$ cat protein.cif   # mmCIF, C-alpha atoms
data_protein
loop_
_atom_site.group_PDB
_atom_site.id
_atom_site.type_symbol
_atom_site.label_atom_id
_atom_site.label_comp_id
_atom_site.auth_asym_id
_atom_site.auth_seq_id
_atom_site.Cartn_x
_atom_site.Cartn_y
_atom_site.Cartn_z
ATOM 1 C CA MET A 24 265.720 204.612 222.170
ATOM 2 C CA GLY A 25 267.662 207.741 223.159
ATOM 3 C CA PHE A 26 266.343 209.677 220.175
ATOM 4 C CA GLY A 27 262.837 208.454 220.951
ATOM 5 C CA VAL A 28 263.065 209.749 224.514
ATOM 6 C CA LEU A 29 264.393 213.104 223.316
ATOM 7 C CA PHE A 30 261.581 213.273 220.815
ATOM 8 C CA MET A 31 258.949 212.494 223.469
ATOM 9 C CA LEU A 32 260.330 215.266 225.642
ATOM 10 C CA ALA A 33 260.093 217.710 222.748
ATOM 11 C CA PHE A 34 256.351 217.110 222.287
ATOM 12 C CA SER A 35 255.329 219.464 225.062
ATOM 13 C CA GLY A 36 257.181 222.269 223.271
ATOM 14 C CA ALA A 37 255.463 221.495 219.975
ATOM 15 C CA ILE A 38 252.048 221.489 221.595
ATOM 16 C CA GLY A 39 252.926 224.795 223.269
ATOM 17 C CA LEU A 40 253.869 226.234 219.895
ATOM 18 C CA ILE A 41 250.605 225.127 218.325
ATOM 19 C CA TYR A 42 248.707 226.604 221.246
ATOM 20 C CA ALA A 43 250.638 229.876 220.917
ATOM 21 C CA SER A 44 249.837 230.000 217.221
ATOM 22 C CA ALA A 45 246.174 229.208 217.850
ATOM 23 C CA ALA A 46 245.962 231.965 220.419
ATOM 24 C CA GLY A 47 247.662 234.381 218.050
ATOM 25 C CA SER A 48 250.238 234.907 220.752
ATOM 26 C CA ASP A 49 252.598 237.841 220.513
ATOM 27 C CA LEU A 50 255.333 235.357 221.299
ATOM 28 C CA MET A 51 255.039 233.871 217.821
ATOM 29 C CA ALA A 52 255.890 237.158 216.149
ATOM 30 C CA ALA A 53 257.627 239.019 218.929
ATOM 31 C CA SER A 54 261.002 239.201 217.257
ATOM 32 C CA PRO A 55 263.068 237.571 214.531
ATOM 33 C CA ARG A 56 265.077 235.935 217.302
ATOM 34 C CA HIS A 57 261.987 234.211 218.723
ATOM 35 C CA ASP A 58 261.030 233.173 215.231
ATOM 36 C CA GLN A 59 264.474 231.679 214.676
ATOM 37 C CA MET A 60 264.255 229.824 217.974
ATOM 38 C CA PHE A 61 260.891 228.281 217.011
ATOM 39 C CA ARG A 62 262.300 227.305 213.635
ATOM 40 C CA PHE A 63 265.318 225.683 215.276
ATOM 41 C CA TYR A 64 263.046 223.840 217.731
ATOM 42 C CA MET A 65 260.802 222.397 215.019
ATOM 43 C CA ILE A 66 263.725 221.432 212.767
ATOM 44 C CA SER A 67 265.432 219.721 215.725
ATOM 45 C CA MET A 68 262.237 217.858 216.500
ATOM 46 C CA ALA A 69 261.859 216.659 212.922
ATOM 47 C CA VAL A 70 265.521 215.622 212.733
ATOM 48 C CA THR A 71 265.226 213.753 216.047
ATOM 49 C CA SER A 72 262.153 211.885 214.821
ATOM 50 C CA TRP A 73 264.042 210.779 211.719
ATOM 51 C CA LEU A 74 267.070 209.704 213.760
ATOM 52 C CA ALA A 75 264.769 207.720 216.065
ATOM 53 C CA VAL A 76 263.104 205.710 213.287
ATOM 54 C CA LEU A 77 266.235 205.280 211.187
ATOM 55 C CA SER A 78 268.332 204.064 214.130
ATOM 56 C CA GLY A 79 265.429 201.885 215.274
ATOM 57 C CA THR A 80 264.938 200.301 211.856
ATOM 58 C CA TYR A 81 268.541 199.943 210.746
ATOM 59 C CA ILE A 82 270.486 199.499 214.011
ATOM 60 C CA ILE A 83 268.219 198.180 216.780
ATOM 61 C CA TYR A 84 265.700 196.139 214.790
ATOM 62 C CA PRO A 85 268.338 193.897 213.135
ATOM 63 C CA TRP A 86 269.487 192.907 216.650
ATOM 64 C CA TYR A 87 265.914 192.060 217.564
ATOM 65 C CA ARG A 88 265.361 189.838 214.524
ATOM 66 C CA ALA A 89 268.841 188.253 214.454
ATOM 67 C CA VAL A 90 268.777 184.585 213.475
ATOM 68 C CA PRO A 91 270.563 182.241 215.898
ATOM 69 C CA PRO A 92 273.054 179.717 214.524
ATOM 70 C CA ALA A 93 271.686 176.218 214.039
ATOM 71 C CA GLY A 94 271.580 174.252 217.261
ATOM 72 C CA THR A 95 271.375 177.279 219.551
ATOM 73 C CA THR A 96 269.306 176.435 222.599
ATOM 74 C CA ASP A 97 269.749 179.602 224.640
ATOM 75 C CA LEU A 98 267.756 182.240 222.756
ATOM 76 C CA ALA A 99 268.325 185.046 225.268
ATOM 77 C CA LEU A 100 270.300 187.051 222.694
ATOM 78 C CA TYR A 101 267.735 186.500 219.934
ATOM 79 C CA PRO A 102 264.595 188.304 221.153
ATOM 80 C CA GLN A 103 262.354 187.583 218.183
ATOM 81 C CA ARG A 104 263.139 183.881 218.219
ATOM 82 C CA LEU A 105 262.825 183.781 221.983
ATOM 83 C CA LEU A 106 259.330 185.257 221.818
ATOM 84 C CA LEU A 107 258.227 183.038 218.931
ATOM 85 C CA SER A 108 259.607 179.910 220.607
ATOM 86 C CA ASN A 109 256.753 179.901 223.086
ATOM 87 C CA PRO A 110 253.062 180.152 222.137
ATOM 88 C CA MET A 111 252.478 182.081 225.347
ATOM 89 C CA THR A 112 254.889 184.833 224.279
ATOM 90 C CA ALA A 113 254.503 184.751 220.486
ATOM 91 C CA GLY A 114 251.811 187.430 220.663
ATOM 92 C CA TRP A 115 254.338 189.947 221.894
ATOM 93 C CA HIS A 116 255.979 189.672 218.502
ATOM 94 C CA ASP A 117 252.860 189.127 216.367
ATOM 95 C CA VAL A 118 251.009 192.068 217.867
ATOM 96 C CA GLY A 119 253.489 194.187 219.819
ATOM 97 C CA MET A 120 256.519 194.252 217.581
ATOM 98 C CA GLU A 121 254.608 194.049 214.297
ATOM 99 C CA PHE A 122 252.689 197.143 215.370
ATOM 100 C CA LYS A 123 255.680 198.965 216.838
ATOM 101 C CA GLU A 124 257.917 198.538 213.795
ATOM 102 C CA HIS A 125 255.368 200.130 211.465
ATOM 103 C CA VAL A 126 253.543 202.675 213.592
ATOM 104 C CA SER A 127 256.782 204.510 214.435
ATOM 105 C CA TRP A 128 257.114 205.589 210.810
ATOM 106 C CA PHE A 129 254.018 207.803 211.020
ATOM 107 C CA THR A 130 255.882 210.142 213.328
ATOM 108 C CA PRO A 131 258.626 211.571 211.079
ATOM 109 C CA ILE A 132 256.178 212.031 208.210
ATOM 110 C CA ALA A 133 253.743 213.942 210.424
ATOM 111 C CA ILE A 134 256.346 215.994 212.263
ATOM 112 C CA THR A 135 258.190 216.935 209.062
ATOM 113 C CA MET A 136 254.929 218.309 207.720
ATOM 114 C CA VAL A 137 254.296 220.187 210.983
ATOM 115 C CA ALA A 138 257.825 221.646 210.937
ATOM 116 C CA PHE A 139 257.437 222.658 207.293
ATOM 117 C CA LEU A 140 254.227 224.543 208.039
ATOM 118 C CA PHE A 141 255.842 226.388 210.947
ATOM 119 C CA LEU A 142 258.881 227.257 208.845
ATOM 120 C CA ARG A 143 256.897 228.419 205.862
ATOM 121 C CA TYR A 144 254.010 230.244 207.508
ATOM 122 C CA GLY A 145 255.402 231.144 210.950
ATOM 123 C CA PRO A 146 253.182 233.636 212.812
ATOM 124 C CA GLN A 147 250.734 233.608 209.880
ATOM 125 C CA ILE A 148 249.417 230.262 211.150
ATOM 126 C CA ALA A 149 247.367 232.304 213.618
ATOM 127 C CA ARG A 150 245.252 233.450 210.654
ATOM 128 C CA HIS A 151 244.599 229.952 209.295
ATOM 129 C CA ARG A 152 242.213 227.971 211.505
ATOM 130 C CA HIS A 153 242.160 224.926 209.226
ATOM 131 C CA MET A 154 245.935 224.858 209.017
ATOM 132 C CA ARG A 155 246.077 224.747 212.822
ATOM 133 C CA ALA A 156 243.548 221.896 212.818
ATOM 134 C CA ALA A 157 245.853 219.895 210.554
ATOM 135 C CA LEU A 158 248.855 220.736 212.732
ATOM 136 C CA LEU A 159 247.015 219.574 215.825
ATOM 137 C CA ALA A 160 245.697 216.370 214.238
ATOM 138 C CA PHE A 161 249.037 215.283 212.813
ATOM 139 C CA THR A 162 250.935 216.235 215.974
ATOM 140 C CA GLY A 163 248.392 214.214 217.959
ATOM 141 C CA ALA A 164 248.799 211.267 215.594
ATOM 142 C CA ALA A 165 252.574 211.505 215.898
ATOM 143 C CA PHE A 166 252.252 211.570 219.679
ATOM 144 C CA LEU A 167 249.960 208.530 219.638
ATOM 145 C CA ALA A 168 252.338 206.660 217.340
ATOM 146 C CA THR A 169 255.344 207.528 219.485
ATOM 147 C CA VAL A 170 253.622 206.554 222.733
ATOM 148 C CA SER A 171 252.406 203.243 221.241
ATOM 149 C CA SER A 172 255.831 202.479 219.889
ATOM 150 C CA GLY A 173 257.515 203.443 223.153
ATOM 151 C CA PHE A 174 255.029 201.407 225.175
ATOM 152 C CA PHE A 175 255.642 198.197 223.233
ATOM 153 C CA GLY A 176 259.349 198.937 223.029
ATOM 154 C CA ALA A 177 259.576 199.295 226.791
ATOM 155 C CA LEU A 178 257.650 196.085 227.402
ATOM 156 C CA LEU A 179 259.557 194.092 224.826
ATOM 157 C CA ASN A 180 262.979 195.387 225.787
ATOM 158 C CA THR A 181 262.640 195.289 229.530
ATOM 159 C CA HIS A 182 260.571 192.145 229.886
ATOM 160 C CA ALA A 183 260.349 189.833 226.946
ATOM 161 C CA PRO A 184 263.985 189.310 225.994
ATOM 162 C CA ILE A 185 265.187 189.241 229.589
ATOM 163 C CA THR A 186 262.541 187.321 231.437
ATOM 164 C CA GLY A 187 260.725 185.825 228.460
ATOM 165 C CA GLY A 188 259.153 182.427 228.864
ATOM 166 C CA PRO A 189 255.988 181.025 230.316
ATOM 167 C CA GLU A 190 255.589 183.921 232.753
ATOM 168 C CA ILE A 191 255.237 186.535 230.003
ATOM 169 C CA VAL A 192 251.734 186.190 228.697
ATOM 170 C CA LEU A 193 249.337 188.254 226.682
ATOM 171 C CA MET A 194 246.543 190.072 228.404
ATOM 172 C CA GLY A 195 243.605 187.971 229.427
ATOM 173 C CA HIS A 196 245.498 184.739 229.850
ATOM 174 C CA LYS A 197 247.311 185.260 233.117
ATOM 175 C CA MET B 18 256.744 242.307 225.757
ATOM 176 C CA HIS B 19 255.091 243.133 222.457
ATOM 177 C CA ARG B 20 256.887 244.221 219.355
ATOM 178 C CA PRO B 21 255.517 244.493 215.846
ATOM 179 C CA PRO B 22 256.071 241.478 213.642
ATOM 180 C CA GLY B 23 259.412 241.394 211.848
ATOM 181 C CA PRO B 24 259.739 242.001 208.129
ATOM 182 C CA GLU B 25 259.936 238.258 207.453
ATOM 183 C CA ALA B 26 256.537 237.755 209.060
ATOM 184 C CA ASP B 27 255.141 240.437 206.783
ATOM 185 C CA ALA B 28 256.673 238.733 203.781
ATOM 186 C CA ARG B 29 254.814 235.570 204.727
ATOM 187 C CA ALA B 30 251.483 237.335 205.163
ATOM 188 C CA GLY B 31 250.376 236.931 201.579
ATOM 189 C CA LEU B 32 251.439 233.348 201.095
ATOM 190 C CA PRO B 33 248.707 231.222 199.517
ATOM 191 C CA ASN B 34 247.671 228.158 201.493
ATOM 192 C CA GLY B 35 248.409 225.792 198.605
ATOM 193 C CA GLY B 36 251.870 224.923 199.909
ATOM 194 C CA ALA B 37 250.375 223.937 203.261
ATOM 195 C CA ALA B 38 247.598 221.954 201.597
ATOM 196 C CA ALA B 39 250.169 220.041 199.546
ATOM 197 C CA ALA B 40 252.199 219.184 202.660
ATOM 198 C CA ILE B 41 249.102 218.145 204.635
ATOM 199 C CA LEU B 42 247.625 215.943 201.910
ATOM 200 C CA ALA B 43 251.033 214.417 201.148
ATOM 201 C CA ALA B 44 251.412 213.500 204.840
ATOM 202 C CA GLY B 45 248.009 211.824 204.643
ATOM 203 C CA ILE B 46 249.007 209.961 201.480
ATOM 204 C CA GLY B 47 252.298 208.887 203.079
ATOM 205 C CA SER B 48 250.465 207.620 206.158
ATOM 206 C CA PHE B 49 247.986 205.720 203.998
ATOM 207 C CA ALA B 50 250.843 204.234 201.962
ATOM 208 C CA LEU B 51 252.526 203.037 205.151
ATOM 209 C CA GLY B 52 249.351 201.262 206.224
ATOM 210 C CA VAL B 53 248.704 199.722 202.809
ATOM 211 C CA LEU B 54 252.293 198.539 202.292
ATOM 212 C CA SER B 55 252.508 196.998 205.765
ATOM 213 C CA PHE B 56 249.134 195.304 205.167
ATOM 214 C CA ILE B 57 250.233 193.960 201.769
ATOM 215 C CA GLY B 58 253.415 192.633 203.349
ATOM 216 C CA ASP B 59 251.303 190.913 205.960
ATOM 217 C CA VAL B 60 248.903 189.359 203.458
ATOM 218 C CA SER B 61 251.238 188.218 200.697
ATOM 219 C CA LEU B 62 254.352 186.167 201.263
ATOM 220 C CA ASP B 63 255.671 187.146 197.829
ATOM 221 C CA MET B 64 255.292 190.838 198.615
ATOM 222 C CA ARG B 65 256.854 190.295 202.012
ATOM 223 C CA ARG B 66 259.905 188.860 200.258
ATOM 224 C CA ALA B 67 259.880 191.662 197.692
ATOM 225 C CA PHE B 68 259.978 194.256 200.470
ATOM 226 C CA ILE B 69 263.280 192.908 201.778
ATOM 227 C CA ILE B 70 265.714 195.410 200.301
ATOM 228 C CA TRP B 71 268.116 195.186 203.268
ATOM 229 C CA ASN B 72 268.139 191.752 204.810
ATOM 230 C CA PRO B 73 268.949 192.601 208.455
ATOM 231 C CA SER B 74 265.820 194.765 208.711
ATOM 232 C CA GLY B 75 263.686 192.436 206.603
ATOM 233 C CA PRO B 76 260.439 193.616 204.964
ATOM 234 C CA LEU B 77 260.378 196.757 207.119
ATOM 235 C CA SER B 78 263.236 198.150 205.011
ATOM 236 C CA GLY B 79 261.101 198.002 201.861
ATOM 237 C CA VAL B 80 257.875 199.096 203.521
ATOM 238 C CA SER B 81 259.506 202.174 205.054
ATOM 239 C CA THR B 82 261.510 203.060 201.942
ATOM 240 C CA GLY B 83 258.457 202.650 199.711
ATOM 241 C CA THR B 84 256.400 204.787 202.069
ATOM 242 C CA ILE B 85 258.935 207.595 202.086
ATOM 243 C CA ALA B 86 259.212 207.489 198.294
ATOM 244 C CA ILE B 87 255.419 207.678 197.847
ATOM 245 C CA TRP B 88 255.130 210.482 200.421
ATOM 246 C CA LEU B 89 257.885 212.606 198.847
ATOM 247 C CA VAL B 90 256.670 212.104 195.282
ATOM 248 C CA ALA B 91 253.113 212.985 196.353
ATOM 249 C CA TRP B 92 254.394 216.097 198.132
ATOM 250 C CA LEU B 93 256.426 217.173 195.092
ATOM 251 C CA VAL B 94 253.548 216.671 192.660
ATOM 252 C CA LEU B 95 251.013 218.421 194.911
ATOM 253 C CA ALA B 96 253.402 221.276 195.677
ATOM 254 C CA LEU B 97 254.009 221.869 191.970
ATOM 255 C CA ALA B 98 250.277 221.950 191.388
ATOM 256 C CA TRP B 99 249.158 223.994 194.407
ATOM 257 C CA ASN B 100 252.102 226.057 195.614
ATOM 258 C CA LYS B 101 250.875 229.364 194.232
ATOM 259 C CA ARG B 102 247.164 228.747 194.658
ATOM 260 C CA GLU B 103 244.525 229.082 197.327
ATOM 261 C CA VAL B 104 243.075 225.652 198.065
ATOM 262 C CA ARG B 105 239.950 224.621 200.004
ATOM 263 C CA LEU B 106 241.763 223.502 203.111
ATOM 264 C CA PRO B 107 238.796 221.954 204.988
ATOM 265 C CA ARG B 108 238.308 219.432 202.198
ATOM 266 C CA VAL B 109 242.049 218.694 202.010
ATOM 267 C CA ASN B 110 242.114 218.235 205.789
ATOM 268 C CA LEU B 111 239.180 215.845 205.698
ATOM 269 C CA ILE B 112 240.832 213.650 203.070
ATOM 270 C CA ALA B 113 244.208 213.790 204.834
ATOM 271 C CA PHE B 114 242.698 212.874 208.231
ATOM 272 C CA ALA B 115 240.790 209.972 206.669
ATOM 273 C CA LEU B 116 243.951 208.682 204.973
ATOM 274 C CA LEU B 117 245.875 209.039 208.228
ATOM 275 C CA ALA B 118 243.229 207.160 210.224
ATOM 276 C CA ILE B 119 242.979 204.325 207.676
ATOM 277 C CA GLY B 120 246.768 204.087 207.486
ATOM 278 C CA MET B 121 247.081 203.836 211.261
ATOM 279 C CA LEU B 122 244.346 201.215 211.469
ATOM 280 C CA LEU B 123 246.002 199.087 208.791
ATOM 281 C CA THR B 124 249.236 198.930 210.785
ATOM 282 C CA PHE B 125 247.384 197.627 213.847
ATOM 283 C CA PRO B 126 247.724 193.821 213.613
ATOM 284 C CA PRO B 127 244.316 192.896 215.123
ATOM 285 C CA PHE B 128 242.577 195.147 212.570
ATOM 286 C CA ALA B 129 244.673 193.796 209.696
ATOM 287 C CA ASP B 130 243.902 190.231 210.857
ATOM 288 C CA MET B 131 240.206 191.069 210.976
ATOM 289 C CA LEU B 132 240.311 192.287 207.354
ATOM 290 C CA GLN B 133 241.914 188.982 206.419
ATOM 291 C CA GLY B 134 239.158 187.104 208.207
ATOM 292 C CA GLN B 135 241.471 185.711 210.855
#
$ encode --input "protein.cif" --output "structure tokens"
Amino acid sequence: MGFGVLFMLAFSGAIGLIYASAAGSDLMAASPRHDQMFRFYMISMAVTSWLAVLSGTYIIYPWYRAVPPAGTTDLALYPQRLLLSNPMTAGWHDVGMEFKEHVSWFTPIAITMVAFLFLRYGPQIARHRHMRAALLAFTGAAFLATVSSGFFGALLNTHAPITGGPEIVLMGHK
Amino acid sequence: MHRPPGPEADARAGLPNGGAAAAILAAGIGSFALGVLSFIGDVSLDMRRAFIIWNPSGPLSGVSTGTIAIWLVAWLVLALAWNKREVRLPRVNLIAFALLAIGMLLTFPPFADMLQGQ
């Protein structure tokens, strides 16, 4: 979750960079030092996105889907089983978690591509309108994926496993 | 403060857009692969089992690993083909955006359920 938060915070910078490139800003080509800073920013963003999905998939997710020993009645430490144990909460897994676990993986793919384009073309992006369109679309998709994933993650982590039960219901029912 | 672009920026001035096109289309292909693999895992119990390459993470381990493999191979192949060429970027963008949109839709459970007639 920490990497995800860091990544979310970095989005504003990425959007600013795309805007600067679209405007053909002097900032993009002002000096090699600025160029290096932009490169470092985009590489850090891509690395953070990878750390977020890898830690989510291989560290956090196994906790979520842990199988309780036979005979366990208190499922508080087994979020997936807790949600699935009640028809009123099963949708949080079937829709929320199923979506969250997959949609997050769009982000590193998109942001790696965005970082690559900035590294390779740098200030020259200002001359390529269609390249900027792709940067904007994939950054937007990455943002959407991250927000969706964070939204369901926040709901599932702060509500479902802790106060799961009949009071947690899917929209439209209660 | 305005200074002239550095020598590295000049060196990048003549770069063909093929490298960018390869990266953009590969990202679209990777996104599409993610959607298709997650959908297949949802539809077929056998495939769901086959995707389990690391048990604690379940099918997600195979879906994500397969996606990354497809994305990187696509990027490599496209980069080898286009790296030194000028490519029609609007057409590449259109295909990549379509693949991205379809991929995202396929990971959305209500849409995947609808395709399965549920």
$ interface_residues --input "protein.cif" --of "chain A" --to "chain B" --cutoff "9 Å" --atoms "all atoms listed in the file" --output "ChimeraX atom specification"
/A:49-55,58,80-82,84-86,88-89,117-119,121-126,128-129,132-133,135-137,139-140,143-147,151,153-154,156-158,160-161,164,168
$ write_last_selection --input "protein.cif" --atoms "C-alpha atoms" --output "short mmCIF file (atom, residue, chain, number, x, y, z; two decimals), in the coordinates of the input"
data_model
loop_
_atom_site.label_atom_id
_atom_site.label_comp_id
_atom_site.auth_asym_id
_atom_site.auth_seq_id
_atom_site.Cartn_x
_atom_site.Cartn_y
_atom_site.Cartn_z
CA ASP A 49 252.60 237.84 220.51
CA LEU A 50 255.33 235.36 221.30
CA MET A 51 255.04 233.87 217.82
CA ALA A 52 255.89 237.16 216.15
CA ALA A 53 257.63 239.02 218.93
CA SER A 54 261.00 239.20 217.26
CA PRO A 55 263.07 237.57 214.53
CA ASP A 58 261.03 233.17 215.23
CA THR A 80 264.94 200.30 211.86
CA TYR A 81 268.54 199.94 210.75
CA ILE A 82 270.49 199.50 214.01
CA TYR A 84 265.70 196.14 214.79
CA PRO A 85 268.34 193.90 213.14
CA TRP A 86 269.49 192.91 216.65
CA ARG A 88 265.36 189.84 214.52
CA ALA A 89 268.84 188.25 214.45
CA ASP A 117 252.86 189.13 216.37
CA VAL A 118 251.01 192.07 217.87
CA GLY A 119 253.49 194.19 219.82
CA GLU A 121 254.61 194.05 214.30
CA PHE A 122 252.69 197.14 215.37
CA LYS A 123 255.68 198.96 216.84
CA GLU A 124 257.92 198.54 213.80
CA HIS A 125 255.37 200.13 211.46
CA VAL A 126 253.54 202.68 213.59
CA TRP A 128 257.11 205.59 210.81
CA PHE A 129 254.02 207.80 211.02
CA ILE A 132 256.18 212.03 208.21
CA ALA A 133 253.74 213.94 210.42
CA THR A 135 258.19 216.94 209.06
CA MET A 136 254.93 218.31 207.72
CA VAL A 137 254.30 220.19 210.98
CA PHE A 139 257.44 222.66 207.29
CA LEU A 140 254.23 224.54 208.04
CA ARG A 143 256.90 228.42 205.86
CA TYR A 144 254.01 230.24 207.51
CA GLY A 145 255.40 231.14 210.95
CA PRO A 146 253.18 233.64 212.81
CA GLN A 147 250.73 233.61 209.88
CA HIS A 151 244.60 229.95 209.30
CA HIS A 153 242.16 224.93 209.23
CA MET A 154 245.94 224.86 209.02
CA ALA A 156 243.55 221.90 212.82
CA ALA A 157 245.85 219.90 210.55
CA LEU A 158 248.86 220.74 212.73
CA ALA A 160 245.70 216.37 214.24
CA PHE A 161 249.04 215.28 212.81
CA ALA A 164 248.80 211.27 215.59
CA ALA A 168 252.34 206.66 217.34
#
$ resolve_selection --input "protein.cif" --expression "the PyMOL selection byres ((chain A and resi 62-74) around 10)" --output "MDAnalysis selection string"
chainID A and resid 24:34 36:37 40 56:61 75:80 127:143 145 165 169
$ atom_distance --input "protein.cif" --atom1 "atom CA of Leu105 of chain A" --atom2 "atom CA of Gly134 of chain B"
27.6 Å
$ atom_distance --input "protein.cif" --atom1 "atom CA of Ile41 of chain A" --atom2 "atom CA of Ala91 of chain B"
25.2 Å
$ closest_residue --input "protein.cif" --among "A:Phe166, A:Tyr42, A:Phe175, A:Tyr87" --to "Arg104 of chain A" --atoms "all atoms listed in the file"
A:Tyr87
